[in-house]
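Here is entry-v3.cif, consisting of mmCIF, N, CA and C atoms:
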data_entry
#
loop_
_atom_site.group_PDB
_atom_site.id
_atom_site.type_symbol
_atom_site.label_atom_id
_atom_site.label_comp_id
_atom_site.auth_asym_id
_atom_site.auth_seq_id
_atom_site.Cartn_x
_atom_site.Cartn_y
_atom_site.Cartn_z
ATOM 1 N N MET W 18 6.199 -5.600 -6.390
ATOM 2 C CA MET W 18 5.008 -5.265 -5.623
ATOM 3 C C MET W 18 5.305 -4.097 -4.681
ATOM 4 N N LYS W 19 6.340 -4.238 -3.843
ATOM 5 C CA LYS W 19 6.632 -3.194 -2.867
ATOM 6 C C LYS W 19 7.073 -1.910 -3.549
ATOM 7 N N ALA W 20 8.028 -2.010 -4.483
ATOM 8 C CA ALA W 20 8.555 -0.819 -5.133
ATOM 9 C C ALA W 20 7.468 -0.077 -5.902
ATOM 10 N N GLY W 21 6.596 -0.812 -6.571
ATOM 11 C CA GLY W 21 5.503 -0.178 -7.310
ATOM 12 C C GLY W 21 4.541 0.541 -6.388
ATOM 13 N N SER W 22 4.235 -0.054 -5.251
ATOM 14 C CA SER W 22 3.333 0.585 -4.287
ATOM 15 C C SER W 22 3.958 1.839 -3.701
ATOM 16 N N VAL W 23 5.233 1.779 -3.390
ATOM 17 C CA VAL W 23 5.915 2.944 -2.828
ATOM 18 C C VAL W 23 5.894 4.093 -3.828
ATOM 19 N N ARG W 24 6.191 3.808 -5.095
ATOM 20 C CA ARG W 24 6.193 4.868 -6.113
ATOM 21 C C ARG W 24 4.793 5.418 -6.354
ATOM 22 N N ALA W 25 3.820 4.542 -6.515
ATOM 23 C CA ALA W 25 2.464 4.970 -6.859
ATOM 24 C C ALA W 25 1.773 5.713 -5.724
ATOM 25 N N PHE W 26 2.031 5.309 -4.491
ATOM 26 C CA PHE W 26 1.292 5.863 -3.358
ATOM 27 C C PHE W 26 2.182 6.584 -2.351
ATOM 28 N N ARG W 27 3.448 6.829 -2.721
ATOM 29 C CA ARG W 27 4.419 7.511 -1.863
ATOM 30 C C ARG W 27 4.578 6.817 -0.509
ATOM 31 N N GLY W 28 4.522 5.512 -0.540
ATOM 32 C CA GLY W 28 4.713 4.727 0.671
ATOM 33 C C GLY W 28 3.773 3.545 0.704
ATOM 34 N N ALA W 29 4.175 2.531 1.442
ATOM 35 C CA ALA W 29 3.343 1.335 1.548
ATOM 36 C C ALA W 29 3.757 0.534 2.770
ATOM 37 N N VAL W 30 2.856 -0.312 3.192
ATOM 38 C CA VAL W 30 3.133 -1.237 4.279
ATOM 39 C C VAL W 30 2.677 -2.625 3.819
ATOM 40 N N VAL W 31 3.485 -3.635 4.125
ATOM 41 C CA VAL W 31 3.169 -5.002 3.725
ATOM 42 C C VAL W 31 3.299 -5.900 4.951
ATOM 43 N N PHE W 32 2.272 -6.709 5.172
ATOM 44 C CA PHE W 32 2.277 -7.707 6.233
ATOM 45 C C PHE W 32 2.173 -9.074 5.570
ATOM 46 N N LYS W 33 2.727 -10.101 6.224
ATOM 47 C CA LYS W 33 2.606 -11.461 5.705
ATOM 48 C C LYS W 33 2.255 -12.397 6.849
ATOM 49 N N GLN W 34 1.252 -13.220 6.612
ATOM 50 C CA GLN W 34 0.865 -14.239 7.581
ATOM 51 C C GLN W 34 1.640 -15.505 7.220
ATOM 52 N N GLU W 35 2.582 -15.866 8.053
ATOM 53 C CA GLU W 35 3.506 -16.961 7.750
ATOM 54 C C GLU W 35 2.798 -18.305 7.560
ATOM 55 N N ASP W 36 1.787 -18.590 8.357
ATOM 56 C CA ASP W 36 1.101 -19.889 8.281
ATOM 57 C C ASP W 36 0.428 -20.119 6.935
ATOM 58 N N THR W 37 -0.197 -19.072 6.394
ATOM 59 C CA THR W 37 -0.973 -19.222 5.158
ATOM 60 C C THR W 37 -0.268 -18.661 3.927
ATOM 61 N N GLY W 38 0.750 -17.817 4.133
ATOM 62 C CA GLY W 38 1.414 -17.160 3.008
ATOM 63 C C GLY W 38 0.613 -15.979 2.476
ATOM 64 N N GLN W 39 -0.429 -15.595 3.183
ATOM 65 C CA GLN W 39 -1.305 -14.500 2.765
ATOM 66 C C GLN W 39 -0.622 -13.157 3.039
ATOM 67 N N TYR W 40 -0.739 -12.238 2.073
ATOM 68 C CA TYR W 40 -0.173 -10.898 2.205
ATOM 69 C C TYR W 40 -1.275 -9.880 2.459
ATOM 70 N N PHE W 41 -0.945 -8.845 3.203
ATOM 71 C CA PHE W 41 -1.834 -7.715 3.462
ATOM 72 C C PHE W 41 -1.077 -6.460 3.069
ATOM 73 N N LEU W 42 -1.664 -5.658 2.205
ATOM 74 C CA LEU W 42 -1.034 -4.436 1.725
ATOM 75 C C LEU W 42 -1.770 -3.228 2.267
ATOM 76 N N GLY W 43 -1.054 -2.137 2.462
ATOM 77 C CA GLY W 43 -1.714 -0.936 2.940
ATOM 78 C C GLY W 43 -1.006 0.334 2.500
ATOM 79 N N VAL W 44 -1.778 1.396 2.443
ATOM 80 C CA VAL W 44 -1.279 2.743 2.173
ATOM 81 C C VAL W 44 -1.981 3.680 3.137
ATOM 82 N N TRP W 45 -1.525 4.914 3.235
ATOM 83 C CA TRP W 45 -2.213 5.851 4.106
ATOM 84 C C TRP W 45 -2.538 7.121 3.354
ATOM 85 N N GLY W 46 -3.519 7.831 3.881
ATOM 86 C CA GLY W 46 -4.017 9.043 3.248
ATOM 87 C C GLY W 46 -5.328 8.777 2.533
ATOM 88 N N ARG W 47 -6.249 9.710 2.627
ATOM 89 C CA ARG W 47 -7.588 9.523 2.053
ATOM 90 C C ARG W 47 -7.551 9.293 0.547
ATOM 91 N N ARG W 48 -6.819 10.126 -0.177
ATOM 92 C CA ARG W 48 -6.761 9.964 -1.637
ATOM 93 C C ARG W 48 -6.044 8.679 -2.031
ATOM 94 N N ASN W 49 -4.914 8.417 -1.377
ATOM 95 C CA ASN W 49 -4.177 7.192 -1.693
ATOM 96 C C ASN W 49 -5.012 5.958 -1.415
ATOM 97 N N THR W 50 -5.737 5.973 -0.314
ATOM 98 C CA THR W 50 -6.574 4.829 0.033
ATOM 99 C C THR W 50 -7.647 4.604 -1.027
ATOM 100 N N ALA W 51 -8.283 5.669 -1.482
ATOM 101 C CA ALA W 51 -9.318 5.542 -2.517
ATOM 102 C C ALA W 51 -8.723 5.012 -3.821
ATOM 103 N N ARG W 52 -7.572 5.528 -4.229
ATOM 104 C CA ARG W 52 -6.907 5.050 -5.452
ATOM 105 C C ARG W 52 -6.481 3.589 -5.317
ATOM 106 N N PHE W 53 -5.974 3.249 -4.141
ATOM 107 C CA PHE W 53 -5.509 1.892 -3.871
ATOM 108 C C PHE W 53 -6.670 0.895 -3.954
ATOM 109 N N ARG W 54 -7.782 1.225 -3.309
ATOM 110 C CA ARG W 54 -8.966 0.352 -3.352
ATOM 111 C C ARG W 54 -9.466 0.190 -4.784
ATOM 112 N N ALA W 55 -9.542 1.296 -5.521
ATOM 113 C CA ALA W 55 -10.027 1.232 -6.911
ATOM 114 C C ALA W 55 -9.127 0.349 -7.771
ATOM 115 N N ALA W 56 -7.814 0.476 -7.584
ATOM 116 C CA ALA W 56 -6.880 -0.335 -8.367
ATOM 117 C C ALA W 56 -7.040 -1.816 -8.043
ATOM 118 N N LEU W 57 -7.188 -2.145 -6.772
ATOM 119 C CA LEU W 57 -7.340 -3.550 -6.390
ATOM 120 C C LEU W 57 -8.692 -4.117 -6.797
ATOM 121 N N ARG W 58 -9.749 -3.322 -6.679
ATOM 122 C CA ARG W 58 -11.084 -3.801 -7.064
ATOM 123 C C ARG W 58 -11.164 -4.097 -8.556
ATOM 124 N N SER W 59 -10.385 -3.382 -9.366
ATOM 125 C CA SER W 59 -10.412 -3.629 -10.805
ATOM 126 C C SER W 59 -9.823 -4.998 -11.145
ATOM 127 N N VAL W 60 -9.058 -5.575 -10.235
ATOM 128 C CA VAL W 60 -8.419 -6.871 -10.459
ATOM 129 C C VAL W 60 -9.198 -8.013 -9.828
ATOM 130 N N GLY W 61 -9.879 -7.747 -8.705
ATOM 131 C CA GLY W 61 -10.611 -8.813 -8.044
ATOM 132 C C GLY W 61 -11.235 -8.342 -6.754
ATOM 133 N N GLU W 62 -11.705 -9.295 -5.978
ATOM 134 C CA GLU W 62 -12.371 -8.994 -4.714
ATOM 135 C C GLU W 62 -11.334 -8.644 -3.650
ATOM 136 N N ILE W 63 -11.663 -7.649 -2.823
ATOM 137 C CA ILE W 63 -10.763 -7.253 -1.741
ATOM 138 C C ILE W 63 -11.541 -7.165 -0.434
ATOM 139 N N ALA W 64 -10.817 -7.195 0.668
ATOM 140 C CA ALA W 64 -11.414 -6.998 1.991
ATOM 141 C C ALA W 64 -10.717 -5.812 2.636
ATOM 142 N N ILE W 65 -11.489 -4.913 3.214
ATOM 143 C CA ILE W 65 -10.946 -3.733 3.879
ATOM 144 C C ILE W 65 -10.794 -4.046 5.362
ATOM 145 N N ILE W 66 -9.594 -3.865 5.882
ATOM 146 C CA ILE W 66 -9.309 -4.065 7.302
ATOM 147 C C ILE W 66 -8.793 -2.737 7.834
ATOM 148 N N ALA W 67 -9.477 -2.172 8.803
ATOM 149 C CA ALA W 67 -9.120 -0.845 9.314
ATOM 150 C C ALA W 67 -8.212 -0.907 10.544
ATOM 151 N N GLU W 68 -7.529 -2.005 10.708
ATOM 152 C CA GLU W 68 -6.604 -2.163 11.832
ATOM 153 C C GLU W 68 -5.481 -3.087 11.373
ATOM 154 N N PRO W 69 -4.388 -3.154 12.119
ATOM 155 C CA PRO W 69 -3.312 -4.055 11.701
ATOM 156 C C PRO W 69 -3.812 -5.498 11.594
ATOM 157 N N PRO W 70 -3.430 -6.190 10.536
ATOM 158 C CA PRO W 70 -3.893 -7.567 10.349
ATOM 159 C C PRO W 70 -3.155 -8.531 11.275
ATOM 160 N N PRO W 71 -3.677 -9.753 11.395
ATOM 161 C CA PRO W 71 -3.026 -10.764 12.224
ATOM 162 C C PRO W 71 -1.830 -11.371 11.485
ATOM 163 N N ALA W 72 -0.812 -10.545 11.247
ATOM 164 C CA ALA W 72 0.340 -10.977 10.461
ATOM 165 C C ALA W 72 1.568 -10.168 10.864
ATOM 166 N N ARG W 73 2.715 -10.587 10.359
ATOM 167 C CA ARG W 73 3.987 -9.952 10.682
ATOM 168 C C ARG W 73 4.293 -8.843 9.676
ATOM 169 N N LEU W 74 4.731 -7.695 10.160
ATOM 170 C CA LEU W 74 5.142 -6.587 9.298
ATOM 171 C C LEU W 74 6.434 -6.974 8.595
ATOM 172 N N ILE W 75 6.437 -6.940 7.252
ATOM 173 C CA ILE W 75 7.656 -7.290 6.527
ATOM 174 C C ILE W 75 8.219 -6.132 5.716
ATOM 175 N N HIS W 76 7.430 -5.066 5.511
ATOM 176 C CA HIS W 76 7.923 -3.912 4.758
ATOM 177 C C HIS W 76 7.166 -2.661 5.179
ATOM 178 N N PHE W 77 7.915 -1.574 5.369
ATOM 179 C CA PHE W 77 7.316 -0.275 5.685
ATOM 180 C C PHE W 77 8.157 0.784 5.016
ATOM 181 N N ASN W 78 7.539 1.646 4.236
ATOM 182 C CA ASN W 78 8.255 2.730 3.582
ATOM 183 C C ASN W 78 7.291 3.883 3.394
ATOM 184 N N LYS W 79 7.717 5.067 3.784
ATOM 185 C CA LYS W 79 6.892 6.255 3.595
ATOM 186 C C LYS W 79 7.773 7.405 3.159
ATOM 187 N N GLN W 80 7.426 7.989 2.026
ATOM 188 C CA GLN W 80 8.111 9.187 1.570
ATOM 189 C C GLN W 80 7.390 10.365 2.186
ATOM 190 N N CYS W 81 8.101 11.153 2.945
ATOM 191 C CA CYS W 81 7.472 12.248 3.675
ATOM 192 C C CYS W 81 7.099 13.417 2.781
ATOM 193 N N GLU W 82 7.869 13.682 1.774
ATOM 194 C CA GLU W 82 7.627 14.863 0.960
ATOM 195 C C GLU W 82 7.111 14.470 -0.413
ATOM 196 N N ARG W 83 6.056 15.131 -0.847
ATOM 197 C CA ARG W 83 5.496 14.898 -2.166
ATOM 198 C C ARG W 83 6.321 15.663 -3.194
ATOM 199 N N PRO W 84 6.480 15.119 -4.406
ATOM 200 C CA PRO W 84 7.184 15.887 -5.438
ATOM 201 C C PRO W 84 6.407 17.140 -5.808
ATOM 202 N N LYS W 85 7.129 18.195 -6.070
ATOM 203 C CA LYS W 85 6.487 19.453 -6.453
ATOM 204 C C LYS W 85 6.072 19.396 -7.909
ATOM 205 N N ARG W 86 5.125 20.231 -8.302
ATOM 206 C CA ARG W 86 4.674 20.251 -9.686
ATOM 207 C C ARG W 86 5.840 20.488 -10.622
ATOM 208 N N GLY W 87 5.855 19.714 -11.686
ATOM 209 C CA GLY W 87 6.898 19.857 -12.681
ATOM 210 C C GLY W 87 8.136 19.012 -12.401
ATOM 211 N N GLU W 88 8.299 18.517 -11.177
ATOM 212 C CA GLU W 88 9.439 17.666 -10.857
ATOM 213 C C GLU W 88 9.128 16.230 -11.276
ATOM 214 N N PRO W 89 10.135 15.519 -11.751
ATOM 215 C CA PRO W 89 9.886 14.118 -12.131
ATOM 216 C C PRO W 89 9.546 13.284 -10.903
ATOM 217 N N LYS W 90 8.644 12.323 -11.086
ATOM 218 C CA LYS W 90 8.251 11.425 -10.002
ATOM 219 C C LYS W 90 9.171 10.214 -10.001
ATOM 220 N N GLY W 91 9.685 9.886 -8.831
ATOM 221 C CA GLY W 91 10.434 8.655 -8.659
ATOM 222 C C GLY W 91 11.833 8.739 -9.079
#

Could you take the file, read its structure, and then write that structure out as structure tokens?
Amino acid sequence: MKAGSVRAFRGAVVFKQEDTGQYFLGVWGRRNTARFRAALRSVGEIAIIAEPPPARLIHFNKQCERPKRGEPKG
């Protein structure tokens, strides 16, 4: 889950609510956010939260530089 999100969206953030076991995933950037929402909606219902969720941060990764054209991704 984490590695795939990092590769696909050049970074990801994951929160987990310990009491319920519920996960919250996030990406940043307008294009990444649109792609992320579309990918999740194709699988099921989602809720958009525009602020940090009521959960503990368990993963954060952001690749600062985008690969240049012609360079292999990942």

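Relative to atom C of Trp45 (chain W), atom C of Phe77 (chain W) is found at 12.5 Å.
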
Point to revise | Picked residues, the PyMOL selection byres ((chain W and resi 60-74) around 8), expected as a list in words | key: Val30, Val31, Phe32, Lys33, Gln34, Glu35, Gln39, Phe41, Arg54, Ala55, Ala56, Leu57, Arg58, Ser59, Ile75, His76 and Phe77 of chain W

Exercise for review: Kindly give the distance, in Å, that separates atom C of Arg86 (chain W) and CA of Gly43 (chain W), rounded to a single decimal.
Suggested key: 26.5 Å

Practice item. Mind giving me the straight-line distance from CA of Ala51 (chain W) to atom N of Lys79 (chain W) in Å, one decimal? Key: 18.2 Å

Point to revise | Backbone DSSP call of strand (DSSP E or B) for region 46-88 of chain W, listed as number ranges by chain | key: W: 73-79
